[in-house]
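Pasted below: my_file-v4.csv, CSV, C-alpha atoms.
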```
chain,number,residue,atom,x,y,z
A,23,MET,CA,-23.2,65.7,-31.8
A,24,ARG,CA,-19.8,64.1,-31.8
A,25,LYS,CA,-19.7,64.2,-27.9
A,26,MET,CA,-23.1,62.6,-27.9
A,27,MET,CA,-21.9,59.7,-30.1
A,28,ILE,CA,-18.9,59.2,-28.0
A,29,ARG,CA,-21.0,59.1,-24.9
A,30,GLN,CA,-23.4,56.6,-26.5
A,31,ARG,CA,-20.5,54.4,-27.6
A,32,ILE,CA,-19.0,54.4,-24.1
A,33,PHE,CA,-22.4,53.7,-22.5
A,34,GLY,CA,-23.0,50.9,-25.0
A,35,GLU,CA,-19.7,49.3,-24.3
A,36,ARG,CA,-20.2,49.6,-20.6
A,37,THR,CA,-23.7,48.1,-20.8
A,38,SER,CA,-22.4,45.2,-23.0
A,39,GLY,CA,-19.6,44.6,-20.6
A,40,LEU,CA,-21.9,44.5,-17.6
A,41,LEU,CA,-24.3,42.2,-19.4
A,42,LEU,CA,-21.4,39.9,-20.3
A,43,LEU,CA,-20.2,39.8,-16.7
A,44,LEU,CA,-23.7,39.1,-15.5
A,45,LEU,CA,-24.0,36.3,-18.0
A,46,CYS,CA,-20.7,34.8,-16.9
A,47,SER,CA,-21.9,34.8,-13.3
A,48,LEU,CA,-25.1,33.1,-14.2
A,49,VAL,CA,-23.4,30.4,-16.2
A,50,THR,CA,-20.5,29.9,-13.8
A,51,LEU,CA,-22.2,29.9,-10.4
A,52,PRO,CA,-24.3,26.8,-10.7
A,53,VAL,CA,-21.3,24.9,-12.0
A,54,MET,CA,-19.3,25.8,-8.8
A,55,ALA,CA,-21.9,24.6,-6.4
A,56,ALA,CA,-21.3,21.2,-4.9
A,57,ASN,CA,-23.5,18.6,-6.4
A,58,PRO,CA,-24.3,15.6,-4.2
A,59,GLU,CA,-25.8,13.6,-7.1
A,60,GLN,CA,-22.6,14.0,-9.1
A,61,GLY,CA,-20.7,13.2,-5.9
A,62,ALA,CA,-22.6,9.9,-5.6
A,63,LYS,CA,-21.3,8.9,-9.1
A,64,VAL,CA,-17.7,9.8,-8.2
A,65,TYR,CA,-18.1,8.0,-4.8
A,66,SER,CA,-19.4,4.9,-6.5
A,67,LYS,CA,-16.5,4.7,-8.8
A,68,ASN,CA,-13.6,5.7,-6.5
A,69,CYS,CA,-14.7,5.3,-2.8
A,70,LYS,CA,-17.3,2.6,-2.6
A,71,ASN,CA,-14.9,-0.4,-2.5
A,72,CYS,CA,-13.5,0.7,0.8
A,73,HIS,CA,-16.2,3.0,2.3
A,74,GLY,CA,-19.2,0.9,1.3
A,75,VAL,CA,-22.4,1.6,-0.7
A,76,ALA,CA,-24.1,3.7,1.9
A,77,GLY,CA,-21.0,4.9,3.7
A,78,VAL,CA,-20.8,1.9,5.9
A,79,ALA,CA,-17.1,0.9,5.7
A,80,GLN,CA,-16.1,-2.4,4.3
A,81,LEU,CA,-12.7,-2.3,6.1
A,82,PRO,CA,-12.0,-2.1,9.8
A,83,GLY,CA,-10.8,1.2,11.1
A,84,LEU,CA,-12.6,3.3,8.5
A,85,PRO,CA,-15.3,5.9,9.5
A,86,ASP,CA,-18.9,5.1,9.2
A,87,PHE,CA,-20.4,7.9,7.2
A,88,SER,CA,-24.0,6.8,8.0
A,89,ARG,CA,-23.2,7.7,11.6
A,90,ALA,CA,-21.5,10.9,10.5
A,91,GLN,CA,-18.1,9.7,11.6
A,92,GLY,CA,-15.1,11.5,10.0
A,93,VAL,CA,-17.2,14.2,8.4
A,94,MET,CA,-17.4,16.7,11.3
A,95,LYS,CA,-14.8,18.9,9.6
A,96,SER,CA,-14.9,21.8,7.3
A,97,ASP,CA,-15.2,21.1,3.5
A,98,ASN,CA,-11.7,22.6,3.1
A,99,ASP,CA,-10.2,20.2,5.7
A,100,LEU,CA,-11.9,17.2,4.1
A,101,LEU,CA,-10.8,18.5,0.6
A,102,GLN,CA,-7.1,18.6,1.7
A,103,PHE,CA,-7.5,15.2,3.4
A,104,VAL,CA,-8.8,13.6,0.2
A,105,ARG,CA,-6.3,15.4,-2.0
A,106,ASN,CA,-3.2,14.4,0.0
A,107,GLY,CA,-4.3,11.2,1.7
A,108,SER,CA,-3.4,10.0,5.2
A,109,GLY,CA,-2.8,6.6,6.6
A,110,MET,CA,-5.0,4.0,4.8
A,111,MET,CA,-6.6,6.7,2.8
A,112,PRO,CA,-4.8,7.1,-0.6
A,113,ALA,CA,-4.4,10.5,-2.3
A,114,TYR,CA,-6.5,11.8,-5.1
A,115,ARG,CA,-4.7,15.0,-6.0
A,116,GLY,CA,-4.4,15.4,-9.8
A,117,LEU,CA,-6.7,12.4,-10.3
A,118,LEU,CA,-10.0,13.9,-9.1
A,119,SER,CA,-10.7,17.6,-9.6
A,120,ASP,CA,-11.4,19.7,-6.5
A,121,ARG,CA,-14.9,20.0,-7.8
A,122,ASP,CA,-15.3,16.2,-7.9
A,123,ILE,CA,-14.0,16.0,-4.4
A,124,LEU,CA,-16.3,18.7,-3.1
A,125,ASP,CA,-19.2,16.9,-4.8
A,126,VAL,CA,-18.2,13.7,-3.0
A,127,ILE,CA,-18.0,15.6,0.3
A,128,ALA,CA,-21.5,17.0,-0.3
A,129,TYR,CA,-22.7,13.4,-1.0
A,130,ILE,CA,-21.2,11.8,2.1
A,131,ARG,CA,-22.8,14.5,4.2
A,132,THR,CA,-26.1,13.2,3.0
A,133,LEU,CA,-25.4,9.6,4.1
A,134,ARG,CA,-26.1,10.3,7.8
A,135,ARG,CA,-29.2,8.4,9.0
B,1302,MET,CA,-15.5,47.7,-29.4
B,1303,ILE,CA,-12.0,46.4,-28.5
B,1304,CYS,CA,-13.1,46.2,-24.8
B,1305,VAL,CA,-16.2,44.3,-25.7
B,1306,ARG,CA,-14.1,41.9,-27.8
B,1307,HIS,CA,-11.8,41.4,-24.8
B,1308,LEU,CA,-14.8,40.7,-22.6
B,1309,TYR,CA,-16.1,38.2,-25.1
B,1310,CYS,CA,-12.7,36.4,-25.0
B,1311,LEU,CA,-12.7,36.6,-21.2
B,1312,MET,CA,-16.1,35.1,-21.0
B,1313,ALA,CA,-15.1,32.3,-23.3
B,1314,LEU,CA,-12.0,31.6,-21.2
B,1315,THR,CA,-14.1,31.7,-18.0
B,1316,LEU,CA,-16.4,29.1,-19.5
B,1317,LEU,CA,-13.5,26.9,-20.6
B,1318,LEU,CA,-11.5,27.0,-17.4
B,1319,PRO,CA,-13.6,24.5,-15.4
B,1320,ALA,CA,-13.1,22.0,-18.3
B,1321,CYS,CA,-9.3,22.2,-18.0
B,1322,ASP,CA,-9.1,19.4,-15.4
B,1323,GLN,CA,-11.8,17.3,-17.0
B,1324,VAL,CA,-9.6,15.2,-19.3
B,1325,PRO,CA,-10.9,11.7,-18.5
B,1326,PRO,CA,-8.3,9.3,-17.2
B,1327,ALA,CA,-7.6,6.1,-19.1
B,1328,ASP,CA,-9.1,2.8,-17.9
B,1329,SER,CA,-7.2,1.1,-15.2
B,1330,LEU,CA,-4.7,-1.6,-16.4
B,1331,ASN,CA,-5.9,-5.2,-15.9
B,1332,GLU,CA,-3.8,-7.8,-14.2
B,1333,GLY,CA,-2.6,-10.3,-16.8
B,1334,GLN,CA,-2.2,-7.8,-19.6
B,1335,LEU,CA,1.1,-6.6,-21.1
B,1336,PHE,CA,2.4,-3.6,-19.2
B,1337,PRO,CA,2.7,-0.5,-21.5
B,1338,ALA,CA,6.1,0.1,-23.0
B,1339,LEU,CA,6.7,3.3,-21.0
B,1340,ARG,CA,9.5,5.7,-21.7
B,1341,LEU,CA,10.7,6.9,-18.3
B,1342,SER,CA,12.4,10.2,-17.6
B,1343,GLY,CA,15.1,9.9,-15.0
B,1344,LEU,CA,14.7,11.8,-11.8
B,1345,ASP,CA,18.1,10.9,-10.4
B,1346,ARG,CA,19.6,8.9,-13.3
B,1347,PRO,CA,19.4,8.5,-17.1
B,1348,ASP,CA,16.2,7.9,-18.9
B,1349,THR,CA,15.1,4.4,-19.6
B,1350,THR,CA,12.2,2.3,-20.9
B,1351,ILE,CA,10.2,-0.5,-19.3
B,1352,ASP,CA,11.5,-2.8,-22.0
B,1353,GLU,CA,15.0,-2.3,-20.9
B,1354,LEU,CA,14.0,-3.7,-17.5
B,1355,ARG,CA,12.7,-6.9,-18.9
B,1356,GLY,CA,14.1,-10.2,-17.7
B,1357,ARG,CA,13.5,-9.6,-14.0
B,1358,TRP,CA,10.5,-8.7,-11.7
B,1359,VAL,CA,9.8,-5.0,-11.5
B,1360,VAL,CA,8.0,-3.4,-8.6
B,1361,MET,CA,7.0,0.0,-9.8
B,1362,ASN,CA,5.7,2.5,-7.2
B,1363,VAL,CA,3.9,5.7,-8.3
B,1364,TRP,CA,4.2,8.3,-5.6
B,1365,ALA,CA,4.3,12.0,-4.7
B,1366,SER,CA,6.0,13.9,-1.9
B,1367,TRP,CA,2.7,15.6,-1.0
B,1368,CYS,CA,0.9,12.2,-0.6
B,1369,GLY,CA,0.8,11.1,3.0
B,1370,PRO,CA,0.6,7.3,2.5
B,1371,CYS,CA,3.2,7.5,-0.2
B,1372,ARG,CA,5.7,9.1,2.2
B,1373,GLU,CA,4.9,6.3,4.8
B,1374,GLU,CA,5.4,3.6,2.2
B,1375,LEU,CA,8.7,4.7,0.6
B,1376,GLY,CA,10.8,3.5,3.5
B,1377,SER,CA,9.5,0.0,3.2
B,1378,LEU,CA,10.1,0.0,-0.6
B,1379,GLN,CA,13.7,1.1,0.0
B,1380,GLN,CA,14.1,-1.9,2.4
B,1381,LEU,CA,12.6,-4.1,-0.3
B,1382,ALA,CA,15.1,-2.8,-2.8
B,1383,ASP,CA,17.9,-3.4,-0.4
B,1384,THR,CA,16.7,-7.0,0.1
B,1385,PHE,CA,16.8,-8.1,-3.5
B,1386,SER,CA,19.7,-7.9,-5.9
B,1387,GLY,CA,18.7,-6.0,-9.0
B,1388,ARG,CA,19.2,-9.0,-11.2
B,1389,GLU,CA,16.1,-10.9,-10.0
B,1390,LEU,CA,13.9,-8.0,-8.8
B,1391,ILE,CA,14.2,-4.3,-9.2
B,1392,VAL,CA,12.2,-1.6,-7.3
B,1393,ILE,CA,11.6,1.6,-9.2
B,1394,GLY,CA,9.6,4.8,-8.4
B,1395,LEU,CA,7.6,7.0,-10.7
B,1396,ASN,CA,7.3,10.4,-9.0
B,1397,VAL,CA,4.4,12.7,-10.0
B,1398,ASP,CA,5.5,15.9,-8.2
B,1399,GLU,CA,5.2,18.9,-10.4
B,1400,ASP,CA,8.6,20.2,-9.2
B,1401,ILE,CA,11.3,17.6,-9.6
B,1402,HIS,CA,13.6,19.6,-7.2
B,1403,VAL,CA,11.1,19.0,-4.4
B,1404,ALA,CA,11.1,15.3,-5.2
B,1405,ARG,CA,14.9,15.1,-5.3
B,1406,GLU,CA,15.1,17.0,-2.0
B,1407,PHE,CA,12.6,14.6,-0.5
B,1408,MET,CA,14.5,11.5,-1.7
B,1409,ARG,CA,17.7,12.9,-0.2
B,1410,ASP,CA,16.0,13.6,3.1
B,1411,GLN,CA,14.5,10.1,3.3
B,1412,SER,CA,17.7,8.4,1.9
B,1413,ILE,CA,15.7,6.9,-1.0
B,1414,SER,CA,18.3,5.4,-3.3
B,1415,PHE,CA,16.3,3.1,-5.6
B,1416,ALA,CA,15.8,4.3,-9.2
B,1417,ASN,CA,13.3,7.0,-9.6
B,1418,TYR,CA,11.7,8.5,-12.7
B,1419,SER,CA,9.6,11.6,-13.1
B,1420,ASP,CA,6.1,12.2,-14.5
B,1421,PRO,CA,5.5,15.8,-13.5
B,1422,ASP,CA,2.3,16.3,-15.6
B,1423,MET,CA,0.9,12.9,-14.6
B,1424,PHE,CA,0.5,11.9,-18.2
B,1425,ILE,CA,1.9,8.4,-17.6
B,1426,ALA,CA,0.0,8.0,-14.3
B,1427,ARG,CA,-3.3,9.2,-15.6
B,1428,GLN,CA,-3.4,8.5,-19.3
B,1429,LEU,CA,-1.2,5.4,-19.7
B,1430,LEU,CA,-1.6,3.6,-16.4
B,1431,GLY,CA,-5.1,4.8,-15.5
B,1432,ILE,CA,-4.2,5.3,-11.8
B,1433,ARG,CA,-7.1,6.1,-9.6
B,1434,ALA,CA,-5.3,7.0,-6.3
B,1435,PHE,CA,-1.8,7.4,-4.9
B,1436,PRO,CA,0.2,5.5,-4.0
B,1437,ASP,CA,-0.2,2.8,-6.6
B,1438,THR,CA,2.2,0.0,-7.2
B,1439,PHE,CA,2.6,-2.4,-10.1
B,1440,VAL,CA,4.3,-5.8,-9.9
B,1441,ILE,CA,5.5,-6.7,-13.4
B,1442,ALA,CA,6.7,-10.1,-14.5
B,1443,PRO,CA,10.0,-10.6,-16.3
B,1444,ASP,CA,8.1,-11.1,-19.6
B,1445,GLY,CA,6.4,-7.7,-19.2
B,1446,THR,CA,3.0,-9.0,-17.9
B,1447,LEU,CA,1.3,-7.0,-15.2
B,1448,TRP,CA,0.8,-9.4,-12.3
B,1449,ARG,CA,-0.5,-7.2,-9.5
B,1450,SER,CA,-1.8,-3.6,-9.3
B,1451,ILE,CA,-2.0,-2.5,-5.7
B,1452,SER,CA,-3.7,0.8,-4.8
B,1453,GLY,CA,-2.9,2.3,-1.5
B,1454,GLU,CA,-0.2,1.8,1.1
B,1455,LEU,CA,1.5,-1.6,1.8
B,1456,ASP,CA,4.3,-2.6,4.0
B,1457,TRP,CA,6.7,-3.9,1.4
B,1458,ALA,CA,9.3,-4.8,4.0
B,1459,SER,CA,7.0,-7.2,5.8
B,1460,GLU,CA,8.1,-10.9,5.7
B,1461,ARG,CA,4.7,-11.8,4.1
B,1462,VAL,CA,5.4,-9.6,1.1
B,1463,ARG,CA,9.0,-10.5,0.7
B,1464,GLU,CA,8.1,-14.2,0.8
B,1465,ALA,CA,5.5,-13.7,-1.9
B,1466,LEU,CA,8.1,-12.0,-4.1
B,1467,ARG,CA,10.6,-14.7,-3.4
B,1468,GLN,CA,8.0,-17.3,-4.5
B,1469,ALA,CA,7.4,-15.3,-7.7
B,1470,ILE,CA,11.1,-15.2,-8.5
B,1471,ALA,CA,11.2,-18.9,-7.9
B,1472,GLY,CA,8.6,-19.4,-10.6
B,1473,ARG,CA,5.4,-19.4,-8.4
B,1474,PRO,CA,3.9,-16.0,-9.2
B,1475,GLU,CA,0.5,-17.1,-7.9
B,1476,ALA,CA,1.9,-16.3,-4.5
B,1477,LEU,CA,1.5,-12.6,-5.4
B,1478,THR,CA,-2.3,-12.9,-5.1
B,1479,THR,CA,-1.9,-12.8,-1.4
B,1480,LEU,CA,-0.6,-9.2,-1.5
```
Could you render the structure as structure tokens?
Amino acid sequence: MRKMMIRQRIFGERTSGLLLLLLCSLVTLPVMAANPEQGAKVYSKNCKNCHGVAGVAQLPGLPDFSRAQGVMKSDNDLLQFVRNGSGMMPAYRGLLSDRDILDVIAYIRTLRR
Amino acid sequence: MICVRHLYCLMALTLLLPACDQVPPADSLNEGQLFPALRLSGLDRPDTTIDELRGRWVVMNVWASWCGPCREELGSLQQLADTFSGRELIVIGLNVDEDIHVAREFMRDQSISFANYSDPDMFIARQLLGIRAFPDTFVIAPDGTLWRSISGELDWASERVREALRQAIAGRPEALTTL
């Protein structure tokens, strides 16, 4: 009887644990996916002044996102580029979260016409 | 039950983690307003406050060693600092590297000798100055008014910039609008 209770208790804890892990995954996964709609908001606030409303640059020498210029790189490469800046492009590390930057990257990938 | 409690805690922490970097930054400073009375922690010299620098023009550059355009810009800021005597205009830096030793090493390598201060948790940069990108440079009048806030790299050693600053020192700060 006592062994049975111990088994039930262990089984119960394992089941609860698995359920909690499953719940964590369900809650966390959608948050981690890049969200172009959110990226559009971040873009509008931080990038639009130089890169233009629809990704058509306002300054000479900048890529035209509507023609997919500058975005033929991996998300990670673009993430590092935005984080650390380069040339005319200022750095956003510590000011925008990686998630915000990945959302922006997802957004600018939608600007190709 | 202890394990289950731990899992509950773990789950709560997991849910909270993404929110850790979500502290909203302050609004950007507006040109014409009084620059905040910052307390600056010395990177290569004693601590100071912005108020102690009053009475002369201050060019304050916010930079990091990991920031490409900041690295490009620092040399021209050093040249600017060498051009003016500290009595009429002073160039200072606010470094946001997490590791101050990295910043000091970088300054040594690049022969940066103008005064630099440290903001390793970006509290000043984010919460007090509302900076949106690095580098960012503030030009502050002798009375503490913010005259220009310039986001991104600029060649501070160019004759155009130096002339605008000379004009400002001579009492014609409107010249700074050309920067």
For chain A against chain B, with a cut-off of 6 Å and counting only C-alpha atoms, what is the closest atom pair and its distance in Å to one decimal for every residue that makes the cut, ordered by chain and number, as CSV?
```
residue,atom,partner,partner_atom,distance
A:Asn106,CA,B:Cys1368,CA,4.7
A:Gly107,CA,B:Gly1369,CA,5.3
A:Ser108,CA,B:Gly1369,CA,4.9
A:Gly109,CA,B:Pro1370,CA,5.4
A:Pro112,CA,B:Gly1453,CA,5.2
A:Ala113,CA,B:Phe1435,CA,4.8
A:Tyr114,CA,B:Ala1434,CA,5.1
```
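For the choices B:Phe1439, B:Trp1457, B:Phe1407, B:Trp1448, the atom-to-atom distance to Leu1395 in chain B is smallest for B:Phe1439 when using all atoms listed in the file.
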Could you pull the residues within 7 Å of Ser1377 in chain B, counting all atoms listed in the file, minus those fewer than 4 positions along the same chain, as a PDB file with C-alpha atoms, keeping the file's coordinate frame?
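The resulting file, part_9.pdb, is shown below:
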```
ATOM      1  CA  LEU B1381      12.600  -4.100  -0.300  1.00  0.00           C
ATOM      2  CA  ASP B1456       4.300  -2.600   4.000  1.00  0.00           C
ATOM      3  CA  TRP B1457       6.700  -3.900   1.400  1.00  0.00           C
ATOM      4  CA  ALA B1458       9.300  -4.800   4.000  1.00  0.00           C
TER       5      ALA B1458
END
```
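Atom pair CA of Arg1357 in chain B / CA of Ile1441 in chain B has a distance of 8.5 Å (rounded to one decimal).
Remark: for Arg89 in chain A, the closest of the candidate residues A:Arg135, A:Arg115, A:Lys63, A:Arg105 is A:Arg135 (distances computed over all atoms listed in the file).
Taking only C-alpha atoms, the non-local environment of Ile127 in chain A within 9 Å (same-chain residues fewer than 6 positions away omitted) comprises Ala56, Pro58, Gly61, Val93, Asp97, Leu100 and Leu101 of chain A.
For the pair CA of Tyr1418 in chain B and CA of Gly1376 in chain B, the interatomic distance is 17.0 Å.
Proximity to Ala90 in chain A at 9 Å, evaluated using all atoms listed in the file and with sequence-adjacent residues fewer than 5 positions away removed, yields Pro85, Ile130, Arg131, Leu133, Arg134 and Arg135 of chain A.
Relative to CA of Thr1438 in chain B, CA of Val1360 in chain B is found at 6.9 Å.
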Hey, could you patch up range 1435-1447 of chain B with N, CA, C and O atoms and hand it over as a compact mmCIF listing (two decimals), in the frame of the given file?
```txt
# COMPACT_ATOMS: atom_id res chain seq x y z
N PHE B 1435 -3.21 7.57 -5.24
CA PHE B 1435 -1.80 7.40 -4.90
C PHE B 1435 -1.67 6.95 -3.43
O PHE B 1435 -2.45 7.41 -2.59
N PRO B 1436 -0.71 6.09 -3.10
CA PRO B 1436 0.20 5.50 -4.00
C PRO B 1436 -0.42 4.31 -4.78
O PRO B 1436 -1.45 3.79 -4.38
N ASP B 1437 0.21 3.94 -5.86
CA ASP B 1437 -0.20 2.80 -6.60
C ASP B 1437 1.05 2.02 -7.02
O ASP B 1437 2.04 2.66 -7.40
N THR B 1438 1.02 0.72 -6.89
CA THR B 1438 2.20 0.00 -7.20
C THR B 1438 1.90 -1.19 -8.13
O THR B 1438 0.89 -1.88 -7.95
N PHE B 1439 2.75 -1.34 -9.12
CA PHE B 1439 2.60 -2.40 -10.10
C PHE B 1439 3.68 -3.43 -9.94
O PHE B 1439 4.85 -3.06 -9.80
N VAL B 1440 3.29 -4.70 -9.96
CA VAL B 1440 4.30 -5.80 -9.90
C VAL B 1440 4.27 -6.41 -11.32
O VAL B 1440 3.24 -6.98 -11.74
N ILE B 1441 5.40 -6.28 -12.02
CA ILE B 1441 5.50 -6.70 -13.40
C ILE B 1441 6.41 -7.87 -13.57
O ILE B 1441 7.54 -7.85 -13.05
N ALA B 1442 5.94 -8.87 -14.28
CA ALA B 1442 6.70 -10.10 -14.50
C ALA B 1442 7.89 -9.87 -15.44
O ALA B 1442 7.87 -8.90 -16.21
N PRO B 1443 8.87 -10.78 -15.44
CA PRO B 1443 10.00 -10.60 -16.30
C PRO B 1443 9.64 -10.53 -17.82
O PRO B 1443 10.36 -9.94 -18.63
N ASP B 1444 8.49 -11.12 -18.19
CA ASP B 1444 8.10 -11.10 -19.60
C ASP B 1444 7.22 -9.82 -19.90
O ASP B 1444 6.69 -9.68 -21.00
N GLY B 1445 7.08 -8.93 -18.93
CA GLY B 1445 6.40 -7.70 -19.20
C GLY B 1445 4.87 -7.76 -18.81
O GLY B 1445 4.13 -6.78 -19.02
N THR B 1446 4.42 -8.90 -18.27
CA THR B 1446 3.00 -9.00 -17.90
C THR B 1446 2.76 -8.37 -16.54
O THR B 1446 3.55 -8.55 -15.61
N LEU B 1447 1.66 -7.62 -16.45
CA LEU B 1447 1.30 -7.00 -15.20
C LEU B 1447 0.69 -8.13 -14.29
O LEU B 1447 -0.34 -8.71 -14.63
```
